[in-house]
Amino acid sequence: MAGASSEQGENKLNVELNLVPFIDLLSSLVLFLLVTAVWLQVGTIPASVESSGKALFSQAEQDRLTVHLNSTGFDLTWPKIASFNSLVSKVPKVAGVYSFQKLEAVLNIFPKTAKMPLSAVSSDDGVEYGMVIETIDSLKRSGFSIVALSVD
Amino acid sequence: MPLHRARLRISDYTERRKSRLKHQERRIRMVSLSLTSMVDMFAILVIFLLVNSSTVSRWIEVSHNIDLPKAKIVDPPKKAATIQISPEGIFSGEALIANKGVFKGGGEISLLKEFLSHSDKKEGFINIVAHTKVPFGLIKRVISTCQSSGFHDVNLAVEPRAR
């Protein structure tokens, strides 16, 4: 027995992993991934575009919410199906800046139903594109999932 | 008779040599590097970069100092023809389609229309990457031009904002 165990002991290999090539491989991988990484993430907003003579939805004009951006603020036209007389029709700029917080507060008054009305965004030509995108985003966040972009 | 070199035993070493050997041993011990932690660190880095890398974003090229508008509710980008609108002009990749001179005026942009007539309309839609400060009037004209050239759907590129 003693002989066998001593034999086993002699057969034991002192295994030591060579880590250097492994580190080389990992560092090359890190470099490759760092070089090819895309740091700026990009998303998209699918714009359902409406233009003159090309109505996107069959829904009548009076049955949907329209938000128009002009130099003074937002003009809102509410759908006729909403029996709210107190709904705000204008959200003015605050200190010369479009107030998206106020717009969202107004939009959130509209009752959330399973079938939300369609909405459309239009704008004056001089308004910055970023403001239009933010308006679309505000509408979507307030539950108006289908937002058309009017380019008339 | 072959000559044998006299071999000294450690006990025969002089004190000076003994101390030198000890010093050498100490130096060797200090150099040894623990590679395991280094491997761990690299492995974590690789996993992080693999998880965060995305090939999807590459489909939409953003260059020419374009500052994208930000939005919270966004869709993943789709592979299609892409137009970039910067304050310097309208581009497709690195190629200039129209310089900022076309920003003035109205109606469709003829240079863009000509470019789009050669573009692949297989997808049926186009990605528009525009600078946030560009006037919306210009975007309207670009969209109208795209629509009349056969690109009926438009995806507007935005920078996702944390919810």
# chains A, B, ... in the order shown; residues from 1 in each chain; ligands from 1
call {"tool": "closest_atom_pairs", "arguments": {"of": "chain B", "to": "chain A", "cutoff": "9 Å", "atoms": "only C-alpha atoms", "output": "Markdown table"}}
result
| residue | atom | partner | partner_atom | distance |
| --- | --- | --- | --- | --- |
| B:Leu35 | CA | A:Leu19 | CA | 6.9 |
| B:Thr36 | CA | A:Leu19 | CA | 7.8 |
| B:Met38 | CA | A:Ile23 | CA | 7.7 |
| B:Val39 | CA | A:Ile23 | CA | 6.0 |
| B:Phe42 | CA | A:Leu26 | CA | 6.0 |
| B:Ala43 | CA | A:Leu26 | CA | 6.8 |
| B:Leu45 | CA | A:Val30 | CA | 6.8 |
| B:Val46 | CA | A:Val30 | CA | 5.6 |
| B:Leu49 | CA | A:Leu33 | CA | 6.2 |
| B:Leu50 | CA | A:Leu33 | CA | 7.2 |
| B:Asn52 | CA | A:Ala37 | CA | 8.0 |
| B:Ser53 | CA | A:Ala37 | CA | 5.5 |
| B:Ser54 | CA | A:Val38 | CA | 6.9 |
| B:Thr55 | CA | A:Val38 | CA | 7.9 |
| B:Val56 | CA | A:Val42 | CA | 8.7 |
| B:Ser57 | CA | A:Val42 | CA | 5.7 |
| B:Arg58 | CA | A:Val38 | CA | 7.3 |
| B:Ile60 | CA | A:Val42 | CA | 7.4 |
| B:Val62 | CA | A:Val42 | CA | 8.7 |
| B:Leu68 | CA | A:Gly130 | CA | 7.9 |
| B:Pro69 | CA | A:Gly130 | CA | 4.9 |
| B:Lys70 | CA | A:Glu134 | CA | 7.1 |
| B:Ala71 | CA | A:Asp137 | CA | 5.9 |
| B:Lys72 | CA | A:Asp137 | CA | 6.6 |
| B:Ile73 | CA | A:Asp137 | CA | 6.3 |
| B:Val74 | CA | A:Thr44 | CA | 5.5 |
| B:Asp75 | CA | A:Thr44 | CA | 5.2 |
| B:Pro76 | CA | A:Gly43 | CA | 5.1 |
| B:Pro77 | CA | A:Gly43 | CA | 5.3 |
| B:Lys78 | CA | A:Thr44 | CA | 8.2 |
| B:Asn127 | CA | A:Thr44 | CA | 8.2 |
| B:Ala130 | CA | A:Tyr129 | CA | 8.0 |
| B:His131 | CA | A:Tyr129 | CA | 7.6 |
| B:Thr132 | CA | A:Gly130 | CA | 4.3 |
| B:Lys133 | CA | A:Glu128 | CA | 5.1 |
| B:Val134 | CA | A:Tyr129 | CA | 5.6 |
| B:Pro135 | CA | A:Glu128 | CA | 4.6 |
| B:Phe136 | CA | A:Tyr129 | CA | 4.7 |
| B:Gly137 | CA | A:Asp125 | CA | 3.8 |
| B:Leu138 | CA | A:Asp125 | CA | 7.4 |
| B:Ile139 | CA | A:Tyr129 | CA | 7.4 |
| B:Lys140 | CA | A:Val151 | CA | 5.1 |
| B:Arg141 | CA | A:Val151 | CA | 8.0 |
| B:Ile143 | CA | A:Val151 | CA | 7.6 |
| B:Ser144 | CA | A:Val151 | CA | 7.4 |
| B:His152 | CA | A:Val49 | CA | 8.0 |
| B:Asp153 | CA | A:Ser48 | CA | 6.8 |
| B:Val154 | CA | A:Ala47 | CA | 5.6 |
| B:Asn155 | CA | A:Pro46 | CA | 4.4 |
| B:Leu156 | CA | A:Ile45 | CA | 5.1 |
| B:Ala157 | CA | A:Thr44 | CA | 4.3 |
| B:Val158 | CA | A:Gly43 | CA | 5.2 |
| B:Glu159 | CA | A:Val42 | CA | 5.1 |
| B:Pro160 | CA | A:Gly43 | CA | 5.9 |
call {"tool": "select_by_dssp", "arguments": {"residues": "chain B", "states": "strand (DSSP E or B)", "output": "compact mmCIF listing (two decimals) with C-alpha atoms, in the first residue's frame"}}
result
# COMPACT_ATOMS: atom_id res chain seq x y z
CA LYS B 70 -33.34 63.38 -27.59
CA ALA B 71 -36.41 61.25 -26.95
CA ASP B 75 -37.69 52.20 -31.57
CA ALA B 81 -30.98 54.41 -46.85
CA THR B 82 -29.90 57.28 -44.59
CA ILE B 83 -29.80 61.03 -45.17
CA GLN B 84 -27.95 63.35 -42.83
CA ILE B 85 -29.02 66.96 -42.43
CA SER B 86 -26.47 69.15 -40.70
CA GLY B 89 -25.77 70.76 -45.84
CA ILE B 90 -27.42 67.49 -46.74
CA PHE B 91 -25.21 64.40 -46.83
CA SER B 92 -25.38 60.70 -47.59
CA ALA B 95 -20.91 62.46 -49.79
CA LEU B 96 -22.39 65.95 -49.96
CA ILE B 97 -25.75 65.96 -51.74
CA ALA B 98 -26.60 69.63 -51.33
CA ASN B 99 -24.85 72.44 -49.51
CA PHE B 125 -38.48 53.89 -46.08
CA ILE B 126 -35.62 56.20 -45.29
CA ASN B 127 -33.77 57.17 -42.11
CA ILE B 128 -33.39 60.90 -41.56
CA VAL B 129 -30.57 61.96 -39.26
CA ALA B 130 -30.97 65.66 -38.61
CA PRO B 135 -35.49 74.52 -38.81
CA ASP B 153 -42.17 56.08 -44.64
CA VAL B 154 -39.64 58.06 -42.70
CA ASN B 155 -37.73 57.16 -39.55
CA LEU B 156 -36.35 60.09 -37.60
CA ALA B 157 -33.10 59.31 -35.79
CA VAL B 158 -32.95 60.36 -32.14
CA GLU B 159 -30.67 59.87 -29.18
CA PRO B 160 -32.36 57.69 -26.57
call {"tool": "select_by_dssp", "arguments": {"residues": "chain B", "states": "alpha helix (DSSP H)", "output": "compact mmCIF listing (two decimals) with N, CA and C atoms, in the first residue's frame"}}
result
# COMPACT_ATOMS: atom_id res chain seq x y z
N GLU B 15 31.00 35.44 3.64
CA GLU B 15 29.82 36.16 4.13
C GLU B 15 29.29 37.14 3.08
N ARG B 16 30.23 37.73 2.37
CA ARG B 16 29.85 38.72 1.36
C ARG B 16 29.03 38.07 0.24
N ARG B 17 29.50 36.86 -0.17
CA ARG B 17 28.81 36.16 -1.25
C ARG B 17 27.43 35.69 -0.80
N LYS B 18 27.39 35.22 0.47
CA LYS B 18 26.10 34.75 1.03
C LYS B 18 25.07 35.88 1.01
N SER B 19 25.51 37.04 1.46
CA SER B 19 24.56 38.17 1.53
C SER B 19 24.14 38.61 0.12
N ARG B 20 25.07 38.50 -0.83
CA ARG B 20 24.72 38.86 -2.20
C ARG B 20 23.66 37.90 -2.77
N LEU B 21 23.85 36.60 -2.47
CA LEU B 21 22.87 35.60 -2.93
C LEU B 21 21.49 35.87 -2.33
N LYS B 22 21.49 36.19 -1.04
CA LYS B 22 20.21 36.47 -0.36
C LYS B 22 19.53 37.66 -1.01
N HIS B 23 20.33 38.67 -1.30
CA HIS B 23 19.79 39.89 -1.92
C HIS B 23 19.18 39.58 -3.28
N GLN B 24 19.90 38.73 -4.05
CA GLN B 24 19.40 38.33 -5.37
C GLN B 24 18.07 37.60 -5.25
N GLU B 25 18.00 36.69 -4.27
CA GLU B 25 16.77 35.93 -4.05
C GLU B 25 15.60 36.86 -3.74
N ARG B 26 15.90 37.85 -2.89
CA ARG B 26 14.86 38.80 -2.50
C ARG B 26 14.35 39.57 -3.72
N ARG B 27 15.30 39.92 -4.58
CA ARG B 27 14.95 40.69 -5.78
C ARG B 27 14.05 39.88 -6.70
N ILE B 28 14.40 38.63 -6.85
CA ILE B 28 13.60 37.73 -7.71
C ILE B 28 12.19 37.62 -7.17
N ARG B 29 12.06 37.49 -5.88
CA ARG B 29 10.76 37.35 -5.25
C ARG B 29 9.88 38.59 -5.50
N MET B 30 10.50 39.75 -5.51
CA MET B 30 9.75 40.99 -5.70
C MET B 30 9.18 41.13 -7.11
N VAL B 31 9.87 40.56 -8.09
CA VAL B 31 9.48 40.71 -9.48
C VAL B 31 8.25 39.87 -9.83
N LEU B 35 -0.66 37.03 -11.99
CA LEU B 35 -1.37 37.16 -13.27
C LEU B 35 -2.86 36.83 -13.16
N THR B 36 -3.22 36.13 -12.12
CA THR B 36 -4.62 35.69 -12.00
C THR B 36 -5.58 36.87 -11.94
N SER B 37 -5.24 37.84 -11.12
CA SER B 37 -6.13 39.01 -11.00
C SER B 37 -6.19 39.79 -12.31
N MET B 38 -5.07 39.78 -13.03
CA MET B 38 -5.03 40.48 -14.32
C MET B 38 -5.96 39.79 -15.31
N VAL B 39 -5.92 38.48 -15.32
CA VAL B 39 -6.81 37.70 -16.21
C VAL B 39 -8.26 37.97 -15.84
N ASP B 40 -8.55 38.00 -14.55
CA ASP B 40 -9.91 38.28 -14.09
C ASP B 40 -10.39 39.62 -14.62
N MET B 41 -9.53 40.61 -14.48
CA MET B 41 -9.88 41.97 -14.91
C MET B 41 -10.16 42.01 -16.41
N PHE B 42 -9.30 41.37 -17.17
CA PHE B 42 -9.47 41.34 -18.63
C PHE B 42 -10.77 40.63 -19.01
N ALA B 43 -11.02 39.53 -18.31
CA ALA B 43 -12.23 38.76 -18.62
C ALA B 43 -13.47 39.59 -18.37
N ILE B 44 -13.47 40.34 -17.25
CA ILE B 44 -14.63 41.20 -16.94
C ILE B 44 -14.78 42.29 -18.00
N LEU B 45 -13.67 42.86 -18.41
CA LEU B 45 -13.69 43.90 -19.46
C LEU B 45 -14.26 43.36 -20.77
N VAL B 46 -13.81 42.17 -21.14
CA VAL B 46 -14.27 41.55 -22.38
C VAL B 46 -15.79 41.32 -22.32
N ILE B 47 -16.24 40.78 -21.18
CA ILE B 47 -17.69 40.50 -21.04
C ILE B 47 -18.47 41.80 -21.12
N PHE B 48 -18.00 42.84 -20.43
CA PHE B 48 -18.69 44.15 -20.46
C PHE B 48 -18.78 44.68 -21.89
N LEU B 49 -17.67 44.64 -22.61
CA LEU B 49 -17.65 45.18 -23.97
C LEU B 49 -18.51 44.35 -24.92
N LEU B 50 -18.51 43.04 -24.71
CA LEU B 50 -19.34 42.18 -25.57
C LEU B 50 -20.82 42.45 -25.35
N VAL B 51 -21.19 42.65 -24.09
CA VAL B 51 -22.60 42.91 -23.76
C VAL B 51 -23.03 44.26 -24.32
N ASN B 52 -22.16 45.26 -24.18
CA ASN B 52 -22.55 46.62 -24.57
C ASN B 52 -22.38 46.92 -26.05
N SER B 110 -34.25 69.66 -55.48
CA SER B 110 -33.99 68.93 -56.74
C SER B 110 -32.74 68.05 -56.66
N LEU B 111 -31.69 68.55 -56.00
CA LEU B 111 -30.45 67.75 -55.88
C LEU B 111 -30.69 66.47 -55.08
N LEU B 112 -31.50 66.60 -54.03
CA LEU B 112 -31.82 65.43 -53.20
C LEU B 112 -32.69 64.45 -53.99
N LYS B 113 -33.61 65.00 -54.76
CA LYS B 113 -34.50 64.16 -55.56
C LYS B 113 -33.69 63.35 -56.58
N GLU B 114 -32.72 64.01 -57.16
CA GLU B 114 -31.87 63.34 -58.15
C GLU B 114 -31.06 62.22 -57.47
N PHE B 115 -30.56 62.52 -56.28
CA PHE B 115 -29.80 61.51 -55.54
C PHE B 115 -30.69 60.32 -55.17
N LEU B 116 -31.89 60.62 -54.71
CA LEU B 116 -32.80 59.55 -54.27
C LEU B 116 -33.29 58.68 -55.42
N SER B 117 -33.30 59.25 -56.62
CA SER B 117 -33.76 58.46 -57.77
C SER B 117 -32.80 57.29 -58.05
N PHE B 136 -37.58 73.31 -38.81
CA PHE B 136 -38.49 72.23 -39.22
C PHE B 136 -38.94 72.40 -40.67
N GLY B 137 -38.92 73.63 -41.15
CA GLY B 137 -39.30 73.89 -42.55
C GLY B 137 -38.43 73.09 -43.52
N LEU B 138 -37.15 72.98 -43.19
CA LEU B 138 -36.22 72.22 -44.04
C LEU B 138 -36.54 70.73 -43.98
N ILE B 139 -36.86 70.25 -42.78
CA ILE B 139 -37.21 68.83 -42.61
C ILE B 139 -38.46 68.51 -43.44
N LYS B 140 -39.43 69.44 -43.39
CA LYS B 140 -40.67 69.25 -44.18
C LYS B 140 -40.32 69.08 -45.66
N ARG B 141 -39.43 69.94 -46.15
CA ARG B 141 -39.05 69.89 -47.57
C ARG B 141 -38.34 68.58 -47.89
N VAL B 142 -37.47 68.13 -46.98
CA VAL B 142 -36.75 66.87 -47.20
C VAL B 142 -37.73 65.70 -47.21
N ILE B 143 -38.66 65.70 -46.26
CA ILE B 143 -39.63 64.60 -46.19
C ILE B 143 -40.51 64.59 -47.45
N SER B 144 -40.94 65.76 -47.88
CA SER B 144 -41.76 65.84 -49.10
C SER B 144 -40.98 65.31 -50.30
N THR B 145 -39.70 65.66 -50.38
CA THR B 145 -38.86 65.18 -51.49
C THR B 145 -38.72 63.66 -51.43
N CYS B 146 -38.52 63.14 -50.22
CA CYS B 146 -38.38 61.68 -50.05
C CYS B 146 -39.67 60.98 -50.49
N GLN B 147 -40.80 61.54 -50.08
CA GLN B 147 -42.09 60.92 -50.42
C GLN B 147 -42.32 60.92 -51.93
N SER B 148 -42.01 62.03 -52.57
CA SER B 148 -42.23 62.08 -54.01
C SER B 148 -41.22 61.21 -54.77
call {"tool": "closest_residue", "arguments": {"among": "A:Pro117, A:Ala105, A:Val67, A:Ala95", "to": "Pro79 in chain A", "atoms": "only C-alpha atoms"}}
result
A:Pro117
call {"tool": "atom_distance", "arguments": {"atom1": "CA of Leu139 in chain A", "atom2": "CA of Asp67 in chain B"}}
result
22.3 Å
call {"tool": "closest_residue", "arguments": {"among": "A:Ala148, A:Val88, A:Leu17, A:Tyr98", "to": "Ser71 in chain A", "atoms": "only C-alpha atoms"}}
result
A:Tyr98
